>>> print(open('my_file.txt').read())   # compact mmCIF, C-alpha atoms
# COMPACT_ATOMS: atom_id res chain seq x y z
CA MET D 1 0.00 0.00 0.00
CA GLY D 2 1.31 3.43 -0.96
CA LEU D 3 1.21 6.44 1.35
CA VAL D 4 -1.75 7.93 -0.57
CA GLU D 5 -3.22 4.74 -1.97
CA GLY D 6 -6.56 5.37 -3.68
CA LYS D 7 -6.69 9.07 -2.84
CA THR D 8 -8.01 11.56 -5.39
CA CYS D 9 -5.70 14.56 -5.71
CA ILE D 10 -5.62 17.90 -7.52
CA VAL D 11 -2.27 19.56 -8.25
CA THR D 12 -2.35 23.11 -9.61
CA GLY D 13 0.79 24.26 -11.35
CA GLY D 14 1.04 20.60 -12.28
CA ALA D 15 3.29 21.10 -15.31
CA GLY D 16 6.02 22.96 -13.41
CA SER D 17 9.00 21.30 -11.79
CA ILE D 18 7.68 21.06 -8.21
CA GLY D 19 4.17 20.30 -9.42
CA LEU D 20 5.28 17.54 -11.76
CA ALA D 21 7.67 16.02 -9.21
CA THR D 22 4.76 15.93 -6.76
CA VAL D 23 2.44 14.38 -9.33
CA GLN D 24 4.98 11.64 -9.96
CA THR D 25 5.44 11.02 -6.23
CA LEU D 26 1.69 10.87 -5.56
CA LEU D 27 1.17 8.47 -8.46
CA ALA D 28 3.99 6.25 -7.23
CA GLU D 29 2.32 6.17 -3.82
CA GLY D 30 -1.01 5.03 -5.26
CA ALA D 31 -2.99 8.23 -5.88
CA LYS D 32 -5.11 9.43 -8.79
CA VAL D 33 -4.04 12.92 -9.83
CA MET D 34 -5.64 15.74 -11.80
CA LEU D 35 -3.01 18.13 -13.17
CA VAL D 36 -4.07 21.75 -13.59
CA ASP D 37 -2.03 24.35 -15.47
CA LEU D 38 -2.45 27.03 -18.14
CA ASP D 39 -0.86 25.31 -21.14
CA ALA D 40 -3.10 22.54 -22.51
CA GLY D 41 -0.44 21.32 -24.93
CA LYS D 42 2.19 21.00 -22.24
CA LEU D 43 -0.26 19.25 -19.94
CA ALA D 44 -1.31 16.79 -22.63
CA HIS D 45 2.33 15.96 -23.36
CA THR D 46 3.08 15.58 -19.66
CA VAL D 47 0.15 13.25 -18.99
CA GLN D 48 1.00 11.19 -22.07
CA LYS D 49 4.55 10.73 -20.77
CA LEU D 50 3.24 9.69 -17.36
CA GLY D 51 1.53 6.81 -19.16
CA THR D 52 -1.18 5.98 -16.64
CA ASP D 53 -4.96 6.30 -16.49
CA LYS D 54 -4.53 7.54 -12.93
CA ALA D 55 -3.37 10.92 -14.28
CA ALA D 56 -5.53 13.39 -16.20
CA PHE D 57 -5.47 17.11 -16.84
CA VAL D 58 -7.58 20.25 -17.12
CA ALA D 59 -6.13 23.43 -18.61
CA ALA D 60 -7.30 26.34 -16.46
CA ASP D 61 -6.52 29.84 -15.30
CA VAL D 62 -6.51 29.45 -11.52
CA THR D 63 -7.56 33.09 -11.04
CA ASP D 64 -10.89 32.45 -12.80
CA ALA D 65 -13.78 31.13 -10.69
CA ALA D 66 -15.59 29.39 -13.56
CA GLN D 67 -12.41 27.60 -14.63
CA THR D 68 -11.74 26.60 -11.02
CA ARG D 69 -15.21 25.09 -10.75
CA LYS D 70 -14.50 23.25 -14.00
CA TYR D 71 -11.30 21.55 -12.85
CA VAL D 72 -12.88 20.60 -9.54
CA GLY D 73 -15.98 19.30 -11.29
CA GLU D 74 -14.04 17.26 -13.83
CA THR D 75 -11.98 15.68 -11.07
CA VAL D 76 -15.09 14.63 -9.16
CA ALA D 77 -16.78 13.37 -12.32
CA ARG D 78 -13.76 11.19 -13.13
CA TRP D 79 -12.78 9.80 -9.72
CA GLY D 80 -15.25 10.94 -7.07
CA LYS D 81 -14.78 13.27 -4.14
CA ILE D 82 -11.38 14.83 -3.51
CA ASP D 83 -8.93 13.83 -0.79
CA VAL D 84 -5.97 16.11 -1.48
CA LEU D 85 -5.58 19.60 -2.92
CA PHE D 86 -2.06 20.82 -3.63
CA SER D 87 -2.44 24.53 -4.44
CA ASN D 88 0.89 25.10 -6.10
CA ALA D 89 0.30 27.43 -9.07
CA GLY D 90 2.55 30.47 -8.97
CA ASN D 91 4.40 33.10 -10.96
CA ASP D 92 7.13 35.64 -10.32
CA GLY D 93 7.88 39.21 -11.27
CA PRO D 94 10.85 41.54 -11.72
CA LEU D 95 13.32 42.50 -9.04
CA MET D 96 13.05 46.24 -8.50
CA PRO D 97 12.31 48.81 -5.78
CA ILE D 98 8.68 49.17 -4.73
CA THR D 99 8.66 52.75 -6.02
CA GLU D 100 9.31 51.42 -9.54
CA TYR D 101 7.26 48.23 -9.35
CA PRO D 102 4.61 47.93 -12.13
CA GLU D 103 1.13 47.95 -10.63
CA ASP D 104 -0.31 45.53 -13.18
CA LEU D 105 2.40 42.96 -12.42
CA PHE D 106 1.81 43.34 -8.70
CA ASP D 107 -1.89 42.61 -9.22
CA GLN D 108 -1.13 39.65 -11.50
CA ILE D 109 1.20 37.97 -9.03
CA ILE D 110 -1.18 38.47 -6.12
CA ALA D 111 -4.00 37.10 -8.27
CA VAL D 112 -2.25 33.87 -9.26
CA HIS D 113 -0.93 33.04 -5.81
CA VAL D 114 -3.57 34.35 -3.45
CA ARG D 115 -6.81 34.50 -5.45
CA GLY D 116 -5.87 31.23 -7.14
CA CYS D 117 -5.45 29.50 -3.78
CA PHE D 118 -8.60 31.13 -2.36
CA LEU D 119 -10.68 29.88 -5.29
CA ALA D 120 -9.11 26.42 -5.12
CA CYS D 121 -10.04 26.12 -1.45
CA LYS D 122 -13.49 27.66 -1.91
CA TYR D 123 -14.58 25.27 -4.63
CA THR D 124 -12.67 22.14 -3.59
CA LEU D 125 -13.76 22.04 0.04
CA PRO D 126 -17.44 21.28 -0.69
CA GLN D 127 -16.23 18.36 -2.81
CA MET D 128 -13.56 17.15 -0.36
CA ASN D 129 -13.90 14.09 1.82
CA ASP D 130 -13.74 14.63 5.58
CA GLY D 131 -10.22 13.88 6.76
CA GLY D 132 -8.70 15.31 3.58
CA SER D 133 -5.64 17.49 3.19
CA ILE D 134 -4.88 20.86 1.61
CA ILE D 135 -1.26 21.79 0.97
CA ILE D 136 -0.31 25.29 -0.17
CA THR D 137 3.03 26.23 -1.69
CA SER D 138 4.41 29.24 0.15
CA SER D 139 8.15 29.91 0.42
CA ILE D 140 10.90 30.97 2.75
CA VAL D 141 9.77 34.50 1.79
CA GLY D 142 6.44 33.63 3.38
CA VAL D 143 8.20 33.99 6.73
CA LYS D 144 10.87 36.62 5.94
CA GLY D 145 11.28 39.66 3.74
CA VAL D 146 13.70 40.26 0.91
CA PRO D 147 14.25 43.55 -0.92
CA GLY D 148 13.10 44.22 -4.46
CA ASN D 149 10.41 41.54 -4.75
CA CYS D 150 7.42 43.11 -3.01
CA SER D 151 4.67 41.29 -4.91
CA TYR D 152 6.05 37.78 -4.51
CA VAL D 153 6.89 38.29 -0.84
CA ALA D 154 3.46 39.79 -0.14
CA ALA D 155 1.76 36.90 -1.94
CA LYS D 156 3.69 34.23 -0.07
CA HIS D 157 2.94 35.92 3.27
CA ALA D 158 -0.74 36.13 2.35
CA LEU D 159 -0.81 32.40 1.65
CA MET D 160 0.42 31.76 5.18
CA GLY D 161 -2.49 33.73 6.58
CA LEU D 162 -4.97 31.99 4.31
CA MET D 163 -3.59 28.60 5.34
CA ARG D 164 -3.97 29.35 9.05
CA CYS D 165 -7.48 30.72 8.62
CA VAL D 166 -8.75 27.77 6.60
CA ALA D 167 -7.05 25.25 8.91
CA LYS D 168 -9.22 26.46 11.79
CA GLU D 169 -12.38 26.65 9.70
CA VAL D 170 -12.22 23.07 8.46
CA ALA D 171 -10.81 21.37 11.54
CA PRO D 172 -14.29 20.10 12.56
CA ARG D 173 -14.21 18.02 9.36
CA ARG D 174 -10.73 16.67 10.23
CA ILE D 175 -9.35 18.35 7.10
CA ARG D 176 -5.75 19.48 7.57
CA VAL D 177 -4.39 22.60 5.92
CA ASN D 178 -0.66 23.26 5.81
CA SER D 179 1.92 25.04 3.72
CA VAL D 180 5.16 23.77 2.31
CA ASN D 181 7.83 26.47 2.29
CA PRO D 182 10.75 25.70 -0.02
CA GLY D 183 14.04 27.49 0.04
CA PRO D 184 16.06 27.80 -3.18
CA VAL D 185 15.26 24.94 -5.55
CA ASP D 186 17.39 23.80 -8.45
CA ASN D 187 14.81 24.43 -11.18
CA VAL D 188 14.21 26.82 -14.06
CA PHE D 189 12.02 29.10 -11.93
CA MET D 190 14.78 29.73 -9.37
CA ARG D 191 17.73 29.75 -11.74
CA THR D 192 16.00 32.34 -13.93
CA ALA D 193 15.51 34.59 -10.90
CA GLU D 194 19.14 34.05 -9.92
CA LYS D 195 20.37 35.33 -13.29
CA THR D 196 18.74 38.68 -12.55
CA MET D 197 20.00 38.63 -8.97
CA SER D 198 23.54 37.90 -10.14
CA LYS D 199 23.58 41.07 -12.22
CA LEU D 200 22.39 43.13 -9.26
CA MET D 201 24.78 41.49 -6.80
CA GLY D 202 27.84 41.42 -9.04
CA ARG D 203 28.41 37.76 -8.25
CA ASP D 204 26.77 34.38 -8.83
CA ALA D 205 23.54 34.40 -6.83
CA GLY D 206 23.23 30.61 -6.85
CA GLU D 207 26.62 30.25 -5.23
CA TRP D 208 25.71 32.96 -2.71
CA PHE D 209 22.56 31.04 -1.73
CA ASP D 210 24.52 27.83 -1.26
CA GLU D 211 26.86 29.68 1.10
CA GLN D 212 23.89 30.85 3.18
CA ILE D 213 22.14 27.46 3.35
CA PRO D 214 23.51 25.34 6.21
CA LEU D 215 23.06 22.15 4.16
CA GLY D 216 25.16 23.85 1.49
CA ARG D 217 23.02 23.34 -1.61
CA HIS D 218 19.71 24.00 -3.35
CA ALA D 219 16.89 21.51 -2.95
CA VAL D 220 15.86 19.34 -5.86
CA PRO D 221 12.14 19.27 -6.81
CA ASP D 222 11.71 15.70 -5.56
CA GLU D 223 12.62 16.79 -2.03
CA ILE D 224 9.74 19.26 -2.04
CA ALA D 225 7.47 16.58 -3.49
CA GLN D 226 8.32 14.18 -0.67
CA ALA D 227 7.35 16.83 1.89
CA VAL D 228 4.05 17.42 0.09
CA CYS D 229 3.37 13.69 0.01
CA PHE D 230 3.85 13.48 3.77
CA LEU D 231 1.31 16.27 4.27
CA ALA D 232 -1.07 14.58 1.83
CA SER D 233 -0.83 11.25 3.61
CA ASP D 234 -2.46 10.02 6.80
CA ARG D 235 0.96 10.16 8.46
CA SER D 236 0.33 13.89 8.96
CA SER D 237 -3.04 13.24 10.66
CA TYR D 238 -2.30 15.65 13.53
CA THR D 239 -0.40 18.26 11.53
CA SER D 240 -2.47 21.29 10.58
CA GLY D 241 -2.07 25.04 10.45
CA THR D 242 1.68 24.83 10.14
CA ALA D 243 4.46 25.65 7.69
CA LEU D 244 6.79 22.82 6.74
CA MET D 245 10.11 24.50 5.99
CA VAL D 246 12.00 22.62 3.27
CA ASP D 247 14.96 24.97 3.15
CA GLY D 248 18.08 23.20 4.37
CA ALA D 249 17.91 25.22 7.64
CA PHE D 250 18.14 28.51 5.73
CA CYS D 251 15.54 30.14 8.02
CA ALA D 252 16.59 28.38 11.22
>>> encode(input="my_file.txt", output="structure tokens")
Amino acid sequence: MGLVEGKTCIVTGGAGSIGLATVQTLLAEGAKVMLVDLDAGKLAHTVQKLGTDKAAFVAADVTDAAQTRKYVGETVARWGKIDVLFSNAGNDGPLMPITEYPEDLFDQIIAVHVRGCFLACKYTLPQMNDGGSIIITSSIVGVKGVPGNCSYVAAKHALMGLMRCVAKEVAPRRIRVNSVNPGPVDNVFMRTAEKTMSKLMGRDAGEWFDEQIPLGRHAVPDEIAQAVCFLASDRSSYTSGTALMVDGAFCA
């Protein structure tokens, strides 16, 4: 028996590195998984490569209520009520002072992270089995500030508040709500940001991060996926309203 044997799961941001690593981990542990992302072509290719009828996809904009209801509804129609929601969809913006930060980009980043998670919780919870689990991707910047990235930091802090609020609301149904808070991850998302940071710092930002992380390296996506799987499984039955830091002791 796998850790999430027979559980029905939704993973938003399912075509990204952390999302896909989590999908693969959940499938390996016996789950059925609905991948949600913007790019239908990429999702179709990803699900085809997974090669199992336990994986399916819905292309959706997570900031849109109708499209959120659609991916929830299609999951229930295919496999029945939901056991696990991994709200993982995210985006990033430029690094610049708040006085120069584009207002439309600020709104867009808040919308994808915060509104997207709000809608996912709002429309999944009525279709979730009691005793289920919601996992939200926050970040180390959900518990600390960094300069020049006001929208992303604000969004990740907001997700922490949303997680704690919902955890208390749904506790009578034995539904747990937690966040996973990665530090630097060796993926395209982080390495792209580090290229910009390197120019601002005048040195390699990736190397700088590794010097600051007590474990001395970036995480790999599978390490985040394993943390998510723990929170999705019944092994986390008394864990709710908390942030699981997967950061190599960066924030310790």
>>> closest_residue(input="my_file.txt", among="D:Ser139, D:Thr75, D:Thr46, D:Thr124", to="D:Leu20", atoms="all atoms listed in the file")
D:Thr46
>>> residues_around(input="my_file.txt", residues="D:Ala243", least_positions_apart="6", cutoff="6 Å", atoms="all atoms listed in the file", output="ChimeraX atom specification")
/D:178-180
>>> closest_residue(input="my_file.txt", among="D:Pro221, D:Gly51, D:Pro102, D:Pro94", to="D:Ser17", atoms="all atoms listed in the file")
D:Pro221
>>> closest_residue(input="my_file.txt", among="D:Leu244, D:Val84, D:Ala158, D:Cys165", to="D:Val72", atoms="all atoms listed in the file")
D:Val84
>>> closest_atom_pairs(input="my_file.txt", of="stretch 69-178 of chain D", to="stretch 6-10 of chain D", cutoff="6 Å", atoms="only C-alpha atoms", output="Markdown table")
| residue | atom | partner | partner_atom | distance |
| --- | --- | --- | --- | --- |
| D:Ile82 | CA | D:Thr8 | CA | 5.1 |
| D:Asp83 | CA | D:Thr8 | CA | 5.2 |
| D:Val84 | CA | D:Cys9 | CA | 4.5 |
| D:Leu85 | CA | D:Ile10 | CA | 4.9 |
>>> atom_distance(input="my_file.txt", atom1="atom CA of D:Glu29", atom2="atom CA of D:Arg176")
19.3 Å
>>> closest_residue(input="my_file.txt", among="D:Gly90, D:Gly241, D:Gly161, D:Gly248", to="D:Ile140", atoms="all atoms listed in the file")
D:Gly248
>>> atom_distance(input="my_file.txt", atom1="atom CA of D:Thr22", atom2="atom CA of D:Gly41")
19.7 Å
>>> atom_distance(input="my_file.txt", atom1="atom CA of D:Val11", atom2="atom CA of D:Ile136")
10.1 Å
>>> closest_residue(input="my_file.txt", among="D:Thr52, D:Leu38, D:Pro147, D:Lys81", to="D:Gly16", atoms="only C-alpha atoms")
D:Leu38
>>> residues_around(input="my_file.txt", residues="D:Ala167", least_positions_apart="4", cutoff="9 Å", atoms="all atoms listed in the file", output="list in words")
Ile134, Leu162, Met163, Ala171, Ile175, Arg176, Val177, Asn178, Ser240, Gly241 and Thr242 of chain D
>>> write_last_selection(input="my_file.txt", atoms="C-alpha atoms", output="PDB file, in the coordinates of the input")
ATOM      1  CA  ILE D 134      -4.880  20.860   1.610  1.00  0.00           C
ATOM      2  CA  LEU D 162      -4.970  31.990   4.310  1.00  0.00           C
ATOM      3  CA  MET D 163      -3.590  28.600   5.340  1.00  0.00           C
ATOM      4  CA  ALA D 171     -10.810  21.370  11.540  1.00  0.00           C
ATOM      5  CA  ILE D 175      -9.350  18.350   7.100  1.00  0.00           C
ATOM      6  CA  ARG D 176      -5.750  19.480   7.570  1.00  0.00           C
ATOM      7  CA  VAL D 177      -4.390  22.600   5.920  1.00  0.00           C
ATOM      8  CA  ASN D 178      -0.660  23.260   5.810  1.00  0.00           C
ATOM      9  CA  SER D 240      -2.470  21.290  10.580  1.00  0.00           C
ATOM     10  CA  GLY D 241      -2.070  25.040  10.450  1.00  0.00           C
ATOM     11  CA  THR D 242       1.680  24.830  10.140  1.00  0.00           C
TER      12      THR D 242
END
